[in-house]
Amino acid sequence: MKKWILNHKNILMLIQLLLIILAFSNLWFFKIRDVTDLSFLVAGVLGVLPLLIQAIESLKVKVVSIDVLVSIAAIGAIFIRNFEESAMVTFLFLFGGWLESKTLAFTRSSIKELIEMEPKTALVLQENGKFENKEIDTVVEKDVILVRTGDLVPVDGKIIMGEGYLNEASITGESIPLSKGVEEHVFAGSILEDGTIQIKATAVGEETTFGKIIELVEEAQDSKSSVEKWLDSFSKVYTPIVIVMAILTWLFTRDIELSITIIVLGCPGALVIGVPISNVAGIGNGARHGVLIKGSQIIQKLANADVMIFDKTGTLTIGQPEVVESMVFDDHNPHHRNYLAAIESESGHPLAKALVRYLKVNSLPKLDKTQVIKGRGIVSIIHGHKVAVGNLELMESEVDEISEVVLSKVQQFEAKGYSIVLQAISGKIVSIYGIRDQIRPGIKTELEKMKTLGVKELIVASGDNQGTVDIVAQELGLTKAIGHLLPEDKANYVKSLQAKGKTVVFVGDGVNDAPSLALADIGIAMGSGTEVAIETSDIVLVKSDINHLNHALGLTKKTSWNIKQNITIALLVVFILILMLFRSTWMNMAVGMFIHEASILLVILNAMRLINYRLKN
C-alpha cells in the first residue's frame, strides 16, 4: 500500500484538486456546509498520506525532514477541524513537489539530449563485403563502419576511406562542421552532415568519448556540493527548532492553530530545491559547451580560484613543435639533410618528428649502426660516416672543436627559447636547428579574460628549460614562469601554494601532469590529453580550447552567485512569513503555503537562467 501511494501521489494530488474545486464551488453556489467540509476533509486525508509515509521513513533514519513539518501541520489542522487549511497545505506541498520534479527534469535536458543522441545501430562491414545494420552492443574494436550523410557516427574511430563534414557539437560544444578525411579521428555522437566515410572502430559503447561524457555528467549531477551538504546539516537542526518554537508558542498562548501555522510557515521548501537545481543547471550548461564538470562540489571551488597553473606543452602551446630557424655551416656534407632525416625518422621524440616534417626527405639512406645516448641524442654510422645528432653536450664529446660561430648561434637560439638540435658529421658540426612549440592562437586574449574573471595569478610550470618558459610567460603576460620541473616538482609546487591558503587550479594534458591534477584543488585536463590526465582531473575541456576554460570559470562563478541568491530568497521568505504571522490578521496556513510555493517557483526560474548562460566577450 505504501509503495502504491508513493507511486500514485500525483494522481492523489489531482483528486485533491478536484475535491477542492468541488468544495469551493459548493461553498459559493449551494452553501451546503457538510459537503464542503467532507470534500476538504477527504482532500486533506488523501494529501497527507504520501507526506506521512515520507515523514515516517525519514524519522526511521533519524532525520526530521520538511515532510515531518507538513504532516504534523496537516494532521493538526484536521484535529482542530480546520479541514480547508489541511487540504490546501497538503495540495500545495504535493503540487510544489511535482513542479520541482518537472523542472529538475527540464534542467537535466542537456544530459537527456545527449543520451537520446547516443547511437543505437551501426552499418558494419561483413565477411561477404557488404555492410549490415547491427545493434551497437555487438560492434567491437577494429570493425569497419559505414557512415552516410545525415548519420550519427556510432563509434570512436579513424577514417580509412572517404571524407566529409562532421558536426561535433555534442562532443566539443562547437557547432561549426569540420572537414575530415583519411587518417583523421572521429567521435561517436558526431553527425556526418555531408559526405560518406568508412571508419575503423577504436572505441565502442561506454569506452567512446561520447559514452564517457554521458557517464561523467550523470555522476556529476548526482553528486553533492559543500553547500548542499551544509544544507543537509542545517535542515537537521532547523526543522527541530521550528517544532520546538511551535510547541513553546502553544504552551504560552494555548493557541493550537497558531502553533500549527508556525510549522507550515517554517517549511524552507525553496531552500531545499534552490541549491541542487542551480548545480544541475550549471553542470548541464557546461556539458552543452564542451566542459565536463565532474561534480557539483567542483563549482564552488573553481568559482573561488585565485591561482591557475598551466603546463606548457599541449596546454599553452599546440603540442606540435616546429622548426622555426636553422643554419647550415660552410664545411658540410651535401647529404647532411638525408642523414639527419634518416636518423630522426627512427625516433618517436616530438623534436625528431618536427625535423622530419621540416626536412621533407623521401629517399632515406640506410643506418648501419645506431646508438642512443640517453639525455643527449643519437650517434649513427651512415655510408661510412659517423653522424651525431643531439644537444650541445653530445657535440662536446663527438666533435673535434666547437667554433665560436656555432657557440654564438646556440646562445642566440637559447635566448629565443628554442629547443636546439645540432648535427655533426665525421667530427664536424654541419647544421643547427631551432625548434619551438607554437603558442595556441588567441590564447593571450583568453588569459587576459581570466584576470578579469578574478584569477589573481597565472603561472606556467614546465619541464622545459627556464629560458623557453620565460619567453612563453613574457609573450602571454603570465605572472610567473618556472622551468626544469619534474612531475614531483610540479606537485610539490602545488602543495606549497595550498599551504599559503591559495585555491589552486592546475591545467594540463600529459601523464606527467596526473599527480598535479589530482593534488590541486581543481584539476583541469585537455580533452586531447592522456587518459590518465583526464581520469585524475575534476574538469575536462573536450575541445582542448582555453576559451572553454573561461566559459567554465564564468559559469561556476555565475552558478555560485545563483546559489547565494536562492538561499537568500528562501530564508527571507521564511523570515517574512513568521514576522507577518504575528503582525497581521490575514496570514494563515494556506496563504503561507501558497507564498512558499511561489518562492519555490521563483528559485526554480532563477536557476533555469543558467541553462542559457554564455560567457560575454
# chains A, B, ... in the order shown; residues from 1 in each chain; ligands from 1
$ select_by_dssp --residues "range 126-181 of chain A" --states "helix (DSSP H, G or I)" --output "ChimeraX atom specification"
/A:136-138,169-172
$ residues_around --residues "Ile199 in chain A" --least-positions-apart "5" --cutoff "6 Å" --atoms "only C-alpha atoms" --output "CSV table (one decimal) with all heavy atoms, in the first residue's frame"
chain,number,residue,atom,x,y,z
A,144,VAL,N,34.9,-2.3,-39.3
A,144,VAL,CA,34.8,-1.2,-40.2
A,144,VAL,C,33.3,-0.8,-40.3
A,144,VAL,O,32.4,-1.6,-40.6
A,144,VAL,CB,35.3,-1.6,-41.6
A,144,VAL,CG1,35.1,-0.5,-42.6
A,144,VAL,CG2,36.8,-2.0,-41.5
A,145,ILE,N,33.1,0.5,-40.2
A,145,ILE,CA,31.7,1.0,-40.1
A,145,ILE,C,31.5,2.0,-41.3
A,145,ILE,O,32.4,2.8,-41.6
A,145,ILE,CB,31.5,1.8,-38.8
A,145,ILE,CG1,32.0,1.0,-37.6
A,145,ILE,CG2,30.0,2.2,-38.6
A,145,ILE,CD1,31.2,-0.2,-37.3
A,157,GLY,N,36.6,6.4,-33.9
A,157,GLY,CA,37.4,5.6,-34.9
A,157,GLY,C,38.2,6.5,-35.8
A,157,GLY,O,38.2,7.7,-35.6
A,158,LYS,N,38.9,5.9,-36.7
A,158,LYS,CA,39.8,6.6,-37.7
A,158,LYS,C,39.2,6.4,-39.1
A,158,LYS,O,38.9,5.3,-39.4
A,158,LYS,CB,41.2,6.1,-37.6
A,158,LYS,CG,42.2,6.8,-38.5
A,158,LYS,CD,43.6,6.2,-38.4
A,158,LYS,CE,44.3,6.5,-37.1
A,158,LYS,NZ,45.7,6.1,-37.1
A,159,ILE,N,39.2,7.5,-39.8
A,159,ILE,CA,38.6,7.3,-41.2
A,159,ILE,C,39.6,6.6,-42.1
A,159,ILE,O,40.8,6.9,-42.1
A,159,ILE,CB,38.4,8.7,-41.8
A,159,ILE,CG1,37.3,9.5,-41.0
A,159,ILE,CG2,37.9,8.6,-43.3
A,159,ILE,CD1,37.1,10.9,-41.4
A,160,ILE,N,39.2,5.5,-42.8
A,160,ILE,CA,40.0,4.8,-43.6
A,160,ILE,C,39.6,5.0,-45.1
A,160,ILE,O,40.4,4.6,-46.0
A,160,ILE,CB,40.0,3.3,-43.3
A,160,ILE,CG1,38.6,2.7,-43.4
A,160,ILE,CG2,40.6,3.0,-41.9
A,160,ILE,CD1,38.5,1.2,-43.2
$ closest_residue --among "A:Ile15, A:Leu422, A:Val153, A:Val204" --to "Gly434 in chain A" --atoms "only C-alpha atoms"
A:Leu422
$ residues_around --residues "Ile197 in chain A" --least-positions-apart "6" --cutoff "9 Å" --atoms "only C-alpha atoms" --output "PyMOL selection string"
chain A and resi 145-149+159-164+181-182
$ atom_distance --atom1 "CA of Ser403 in chain A" --atom2 "CA of Ser431 in chain A"
12.3 Å
$ closest_residue --among "A:Leu577, A:Ile420, A:Asp143, A:Leu553" --to "Gln126 in chain A" --atoms "only C-alpha atoms"
A:Asp143
$ select_by_dssp --residues "range 259-339 of chain A" --states "strand (DSSP E)" --output "JSON, numbers by chain"
{"A": [291, 292, 293, 307, 308, 309, 310, 322, 323, 324, 325, 326, 327, 328]}
$ residues_around --residues "Ile432 in chain A" --least-positions-apart "3" --cutoff "9 Å" --atoms "only C-alpha atoms" --output "PDB file with all heavy atoms, in the first residue's frame"
ATOM      1  N   GLU A 325      63.824  28.006 -37.107  1.00  0.00           N
ATOM      2  CA  GLU A 325      65.054  28.643 -37.586  1.00  0.00           C
ATOM      3  C   GLU A 325      66.147  27.591 -37.701  1.00  0.00           C
ATOM      4  O   GLU A 325      66.224  26.663 -36.895  1.00  0.00           O
ATOM      5  CB  GLU A 325      65.477  29.759 -36.613  1.00  0.00           C
ATOM      6  CG  GLU A 325      66.481  30.723 -37.200  1.00  0.00           C
ATOM      7  CD  GLU A 325      66.727  31.936 -36.314  1.00  0.00           C
ATOM      8  OE1 GLU A 325      65.891  32.213 -35.415  1.00  0.00           O
ATOM      9  OE2 GLU A 325      67.769  32.596 -36.510  1.00  0.00           O
ATOM     10  N   SER A 326      66.986  27.739 -38.714  1.00  0.00           N
ATOM     11  CA  SER A 326      68.088  26.778 -38.895  1.00  0.00           C
ATOM     12  C   SER A 326      69.279  27.479 -39.525  1.00  0.00           C
ATOM     13  O   SER A 326      69.151  28.566 -40.114  1.00  0.00           O
ATOM     14  CB  SER A 326      67.647  25.607 -39.776  1.00  0.00           C
ATOM     15  OG  SER A 326      67.366  26.056 -41.100  1.00  0.00           O
ATOM     16  N   MET A 327      70.442  26.831 -39.418  1.00  0.00           N
ATOM     17  CA  MET A 327      71.646  27.368 -40.049  1.00  0.00           C
ATOM     18  C   MET A 327      72.542  26.211 -40.457  1.00  0.00           C
ATOM     19  O   MET A 327      72.776  25.290 -39.678  1.00  0.00           O
ATOM     20  CB  MET A 327      72.390  28.297 -39.084  1.00  0.00           C
ATOM     21  CG  MET A 327      73.617  28.933 -39.694  1.00  0.00           C
ATOM     22  SD  MET A 327      74.350  30.164 -38.594  1.00  0.00           S
ATOM     23  CE  MET A 327      75.705  30.746 -39.629  1.00  0.00           C
ATOM     24  N   VAL A 328      73.010  26.260 -41.694  1.00  0.00           N
ATOM     25  CA  VAL A 328      73.938  25.251 -42.209  1.00  0.00           C
ATOM     26  C   VAL A 328      75.298  25.914 -42.349  1.00  0.00           C
ATOM     27  O   VAL A 328      75.425  26.998 -42.929  1.00  0.00           O
ATOM     28  CB  VAL A 328      73.459  24.706 -43.582  1.00  0.00           C
ATOM     29  CG1 VAL A 328      74.464  23.698 -44.116  1.00  0.00           C
ATOM     30  CG2 VAL A 328      72.094  24.079 -43.446  1.00  0.00           C
ATOM     31  N   PHE A 329      76.349  25.272 -41.806  1.00  0.00           N
ATOM     32  CA  PHE A 329      77.695  25.857 -41.818  1.00  0.00           C
ATOM     33  C   PHE A 329      78.428  25.464 -43.105  1.00  0.00           C
ATOM     34  O   PHE A 329      78.072  24.477 -43.761  1.00  0.00           O
ATOM     35  CB  PHE A 329      78.466  25.420 -40.575  1.00  0.00           C
ATOM     36  CG  PHE A 329      77.758  25.826 -39.302  1.00  0.00           C
ATOM     37  CD1 PHE A 329      77.026  24.903 -38.577  1.00  0.00           C
ATOM     38  CD2 PHE A 329      77.779  27.145 -38.870  1.00  0.00           C
ATOM     39  CE1 PHE A 329      76.349  25.272 -37.423  1.00  0.00           C
ATOM     40  CE2 PHE A 329      77.098  27.521 -37.707  1.00  0.00           C
ATOM     41  CZ  PHE A 329      76.386  26.587 -36.985  1.00  0.00           C
ATOM     42  N   VAL A 406      79.444  28.624 -33.955  1.00  0.00           N
ATOM     43  CA  VAL A 406      78.425  27.674 -33.500  1.00  0.00           C
ATOM     44  C   VAL A 406      77.942  28.045 -32.104  1.00  0.00           C
ATOM     45  O   VAL A 406      76.732  28.093 -31.831  1.00  0.00           O
ATOM     46  CB  VAL A 406      78.964  26.231 -33.514  1.00  0.00           C
ATOM     47  CG1 VAL A 406      77.965  25.279 -32.854  1.00  0.00           C
ATOM     48  CG2 VAL A 406      79.258  25.776 -34.930  1.00  0.00           C
ATOM     49  N   LYS A 409      75.683  30.985 -32.165  1.00  0.00           N
ATOM     50  CA  LYS A 409      74.345  30.657 -32.689  1.00  0.00           C
ATOM     51  C   LYS A 409      73.526  29.914 -31.636  1.00  0.00           C
ATOM     52  O   LYS A 409      72.312  30.138 -31.499  1.00  0.00           O
ATOM     53  CB  LYS A 409      74.477  29.802 -33.954  1.00  0.00           C
ATOM     54  CG  LYS A 409      73.236  29.847 -34.835  1.00  0.00           C
ATOM     55  CD  LYS A 409      73.024  31.246 -35.387  1.00  0.00           C
ATOM     56  CE  LYS A 409      71.779  31.348 -36.216  1.00  0.00           C
ATOM     57  NZ  LYS A 409      71.511  32.728 -36.669  1.00  0.00           N
ATOM     58  N   VAL A 410      74.179  29.032 -30.893  1.00  0.00           N
ATOM     59  CA  VAL A 410      73.487  28.303 -29.820  1.00  0.00           C
ATOM     60  C   VAL A 410      72.932  29.282 -28.793  1.00  0.00           C
ATOM     61  O   VAL A 410      71.785  29.174 -28.346  1.00  0.00           O
ATOM     62  CB  VAL A 410      74.439  27.279 -29.144  1.00  0.00           C
ATOM     63  CG1 VAL A 410      73.835  26.747 -27.848  1.00  0.00           C
ATOM     64  CG2 VAL A 410      74.755  26.129 -30.086  1.00  0.00           C
ATOM     65  N   ILE A 420      67.151  23.102 -29.081  1.00  0.00           N
ATOM     66  CA  ILE A 420      68.237  23.106 -30.082  1.00  0.00           C
ATOM     67  C   ILE A 420      68.658  21.686 -30.436  1.00  0.00           C
ATOM     68  O   ILE A 420      68.854  20.841 -29.559  1.00  0.00           O
ATOM     69  CB  ILE A 420      69.447  23.891 -29.545  1.00  0.00           C
ATOM     70  CG1 ILE A 420      69.017  25.336 -29.246  1.00  0.00           C
ATOM     71  CG2 ILE A 420      70.605  23.867 -30.533  1.00  0.00           C
ATOM     72  CD1 ILE A 420      70.024  26.117 -28.441  1.00  0.00           C
ATOM     73  N   VAL A 421      68.793  21.420 -31.732  1.00  0.00           N
ATOM     74  CA  VAL A 421      69.326  20.151 -32.235  1.00  0.00           C
ATOM     75  C   VAL A 421      70.504  20.473 -33.144  1.00  0.00           C
ATOM     76  O   VAL A 421      70.369  21.256 -34.102  1.00  0.00           O
ATOM     77  CB  VAL A 421      68.263  19.355 -33.022  1.00  0.00           C
ATOM     78  CG1 VAL A 421      68.889  18.093 -33.624  1.00  0.00           C
ATOM     79  CG2 VAL A 421      67.097  18.976 -32.122  1.00  0.00           C
ATOM     80  N   LEU A 422      71.660  19.898 -32.818  1.00  0.00           N
ATOM     81  CA  LEU A 422      72.870  20.075 -33.639  1.00  0.00           C
ATOM     82  C   LEU A 422      73.179  18.769 -34.367  1.00  0.00           C
ATOM     83  O   LEU A 422      72.860  17.676 -33.874  1.00  0.00           O
ATOM     84  CB  LEU A 422      74.060  20.469 -32.764  1.00  0.00           C
ATOM     85  CG  LEU A 422      73.929  21.812 -32.046  1.00  0.00           C
ATOM     86  CD1 LEU A 422      74.138  21.657 -30.564  1.00  0.00           C
ATOM     87  CD2 LEU A 422      74.901  22.818 -32.635  1.00  0.00           C
ATOM     88  N   GLN A 423      73.808  18.899 -35.524  1.00  0.00           N
ATOM     89  CA  GLN A 423      74.191  17.720 -36.297  1.00  0.00           C
ATOM     90  C   GLN A 423      75.682  17.809 -36.624  1.00  0.00           C
ATOM     91  O   GLN A 423      76.160  18.855 -37.088  1.00  0.00           O
ATOM     92  CB  GLN A 423      73.382  17.629 -37.585  1.00  0.00           C
ATOM     93  CG  GLN A 423      73.763  16.423 -38.456  1.00  0.00           C
ATOM     94  CD  GLN A 423      73.119  16.474 -39.835  1.00  0.00           C
ATOM     95  OE1 GLN A 423      72.646  17.518 -40.256  1.00  0.00           O
ATOM     96  NE2 GLN A 423      73.120  15.348 -40.536  1.00  0.00           N
ATOM     97  N   ILE A 429      80.629  19.917 -36.849  1.00  0.00           N
ATOM     98  CA  ILE A 429      79.222  20.360 -36.797  1.00  0.00           C
ATOM     99  C   ILE A 429      78.860  20.977 -38.148  1.00  0.00           C
ATOM    100  O   ILE A 429      79.535  21.887 -38.637  1.00  0.00           O
ATOM    101  CB  ILE A 429      79.009  21.378 -35.662  1.00  0.00           C
ATOM    102  CG1 ILE A 429      79.222  20.695 -34.297  1.00  0.00           C
ATOM    103  CG2 ILE A 429      77.600  21.980 -35.731  1.00  0.00           C
ATOM    104  CD1 ILE A 429      79.152  21.628 -33.105  1.00  0.00           C
TER     105      ILE A 429
END
$ residues_around --residues "range 344-356 of chain A" --least-positions-apart "4" --cutoff "8 Å" --atoms "only C-alpha atoms" --output "PyMOL selection string"
chain A and resi 320-323+340+360-361+435
$ residues_around --residues "Ala55 in chain A" --least-positions-apart "4" --cutoff "12 Å" --atoms "only C-alpha atoms" --output "count of residues only"
19
$ closest_residue --among "A:Asp464, A:Asp538, A:Glu401, A:Asp37" --to "His484 in chain A" --atoms "only C-alpha atoms"
A:Asp464
$ atom_distance --atom1 "CA of His335 in chain A" --atom2 "CA of Glu404 in chain A"
24.2 Å
$ residues_around --residues "Ser560 in chain A" --least-positions-apart "2" --cutoff "10 Å" --atoms "only C-alpha atoms" --output "short mmCIF file (atom, residue, chain, number, x, y, z; two decimals) with C-alpha atoms, in the first residue's frame"
data_model
loop_
_atom_site.label_atom_id
_atom_site.label_comp_id
_atom_site.auth_asym_id
_atom_site.auth_seq_id
_atom_site.Cartn_x
_atom_site.Cartn_y
_atom_site.Cartn_z
CA VAL A 227 26.74 23.93 0.12
CA VAL A 275 20.83 24.79 -4.40
CA SER A 278 21.31 25.60 -9.65
CA ASN A 279 24.08 22.99 -9.63
CA GLY A 282 25.20 24.72 -14.29
CA ILE A 299 31.61 24.51 -8.88
CA GLN A 300 32.23 26.33 -5.58
CA LYS A 301 35.97 25.62 -5.65
CA LEU A 302 36.53 26.87 -9.20
CA ALA A 303 34.41 29.95 -8.51
CA ASN A 304 36.85 30.85 -5.71
CA GLY A 554 32.46 32.25 -15.73
CA LEU A 555 29.81 29.53 -15.42
CA THR A 556 30.93 28.40 -11.96
CA LYS A 557 31.02 32.00 -10.71
CA LYS A 558 27.54 32.59 -12.12
CA ASN A 562 22.86 31.99 -8.33
CA ILE A 563 23.01 29.61 -5.34
CA LYS A 564 23.57 32.52 -2.94
CA GLN A 565 20.56 34.32 -4.46
#
$ atom_distance --atom1 "CA of Gln411 in chain A" --atom2 "CA of Tyr433 in chain A"
12.4 Å
